Structures are given as structure tokens and as C-alpha cells.
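Quick notes on the structure that follows.
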Amino acid sequence: MQMPEHDTLLEEAFRLLGRTIARVDPGRLEAWVELGLTMTQLRVLFILRGEDGASARALAERLNVTPSTLTRIVDRLVGQGLVRRTVDEEDRRLVRHCLTDAGASTVALTLGSIDARPVPDLDVVRDAWVAELNTLGRLDP
């Protein structure tokens, strides 16, 4: 599946942002890794925090993944007791996804680990971002 140029650039921006955060605030990523969840699984939890009861289609679109990929992601979260699936009462063809109490606690714990850490100096972040872009040949000297 070919991604539109905008989506490709957005993915590249997120990848670079992740590398920048790893440089200027590695502890933040370590806190997330300790949870044993992938970034995509964390994204699902955060989406469901704001859109509890989201359909599989809505989640797949938000994550830019295929429905079969979403199923595998959510299967792992269900297996860990962080998400539950329910059948929509009005349209039994729809499956809704909701955070369990453990899922909501995991999101709160993740937010707490973020809030507990000092925010890096924005000049440091900018300098690291520029350095990262320069290594990829994206900026002229």
C-alpha cells in the first residue's frame, strides 16, 4: 500500500521526533519501554482514552494500519487485560474497543511518568532536531 506524500512526511517527522527525544530525554522512552508495550500499542491506549468505544475501522484509520494488523495489535492488548472488545448494541456487526481498568491505569501511569520528568530545554530539543535533520541531509549548512 503506497502512502501519500503527506503521510510519508508525517511518518518521517514522527521517526525524527522519536530520535530527538531519545537524544535529549532518553528516560522518557525508557519509562514507556518498561511497560512492555510497543509505541503502536501505546497509541491505541491513548486513542481509546479519548475515544472509548472506538470501532475497529476508526482505530485502523487513526493508526494508518490495515484491519488485520489492528486485530493483531488489539489481540495483544486484550491478552494483557488492557482493552476489551464489545459488540455494538445497535449494530451487531460493529466491534467496539474500550479500555479496561488496567488499561486506564496504564495510561495514567504513562502520563504520570511523563509529568514527573522535567521537560527538556526547548533550545536543546531544537538543536538536537536540527542535528538529526543535518545527519540525514535535510538541511543546508
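Labels used: A, B, ... for chains in the order of the C-alpha cells, numbers from 1 for residues in each chain, and numbers from 1 for ligands as shown.
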Contacts of Cys98 of chain A at 12 Å or less, counting only C-alpha atoms, minus same-chain residues fewer than 2 places along, as a count of residues only?
32
Hey, can you check how far atom CA of Gly36 of chain A sits from atom CA of Thr66 of chain A?
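These atoms are spaced 23.0 Å apart.
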Return as a VMD selection string the full set of residues in segment 36-85 of chain A whose backbone-based DSSP assignment is alpha helix (DSSP H).
chain A and resid 39 to 50 56 to 63 67 to 79
Kindly save the residues from that selection, with C-alpha atoms included, as a compact mmCIF listing (two decimals), in the first residue's frame.
```txt
# COMPACT_ATOMS: atom_id res chain seq x y z
CA MET A 39 4.61 2.54 20.59
CA THR A 40 1.66 1.40 18.46
CA GLN A 41 0.07 -0.33 21.44
CA LEU A 42 0.55 2.84 23.49
CA ARG A 43 -1.06 4.84 20.70
CA VAL A 44 -4.11 2.53 20.82
CA LEU A 45 -4.40 3.05 24.57
CA PHE A 46 -4.15 6.82 24.22
CA ILE A 47 -6.69 6.87 21.38
CA LEU A 48 -9.11 4.83 23.47
CA ARG A 49 -8.55 7.16 26.41
CA GLY A 50 -10.09 9.93 24.30
CA ALA A 56 -12.07 -1.25 14.66
CA ARG A 57 -12.39 0.80 11.49
CA ALA A 58 -11.86 4.09 13.35
CA LEU A 59 -8.80 2.71 15.16
CA ALA A 60 -7.29 1.31 11.96
CA GLU A 61 -7.78 4.65 10.20
CA ARG A 62 -6.27 6.63 13.10
CA LEU A 63 -3.24 4.32 13.19
CA PRO A 67 -7.79 -4.06 9.80
CA SER A 68 -5.85 -7.34 10.07
CA THR A 69 -2.85 -5.51 11.55
CA LEU A 70 -5.13 -3.75 14.01
CA THR A 71 -6.61 -7.10 15.04
CA ARG A 72 -3.15 -8.42 15.96
CA ILE A 73 -2.32 -5.24 17.90
CA VAL A 74 -5.59 -5.30 19.83
CA ASP A 75 -5.34 -9.08 20.41
CA ARG A 76 -2.15 -8.47 22.39
CA LEU A 77 -3.76 -5.67 24.39
CA VAL A 78 -6.81 -7.84 25.12
CA GLY A 79 -4.47 -10.67 26.17
```
Residue with smallest distance to Thr106 of chain A - pool A:Glu12, A:Asn64, A:Leu94, A:Leu37, counting only C-alpha atoms
A:Leu37
Choose the residue, out of A:Arg92, A:Val65, A:Thr110, A:Leu35, that has the smallest atom-to-atom separation from Gln80 of chain A; count only C-alpha atoms.
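Among A:Arg92, A:Val65, A:Thr110, A:Leu35, it is A:Leu35 that comes nearest to Gln80 of chain A.
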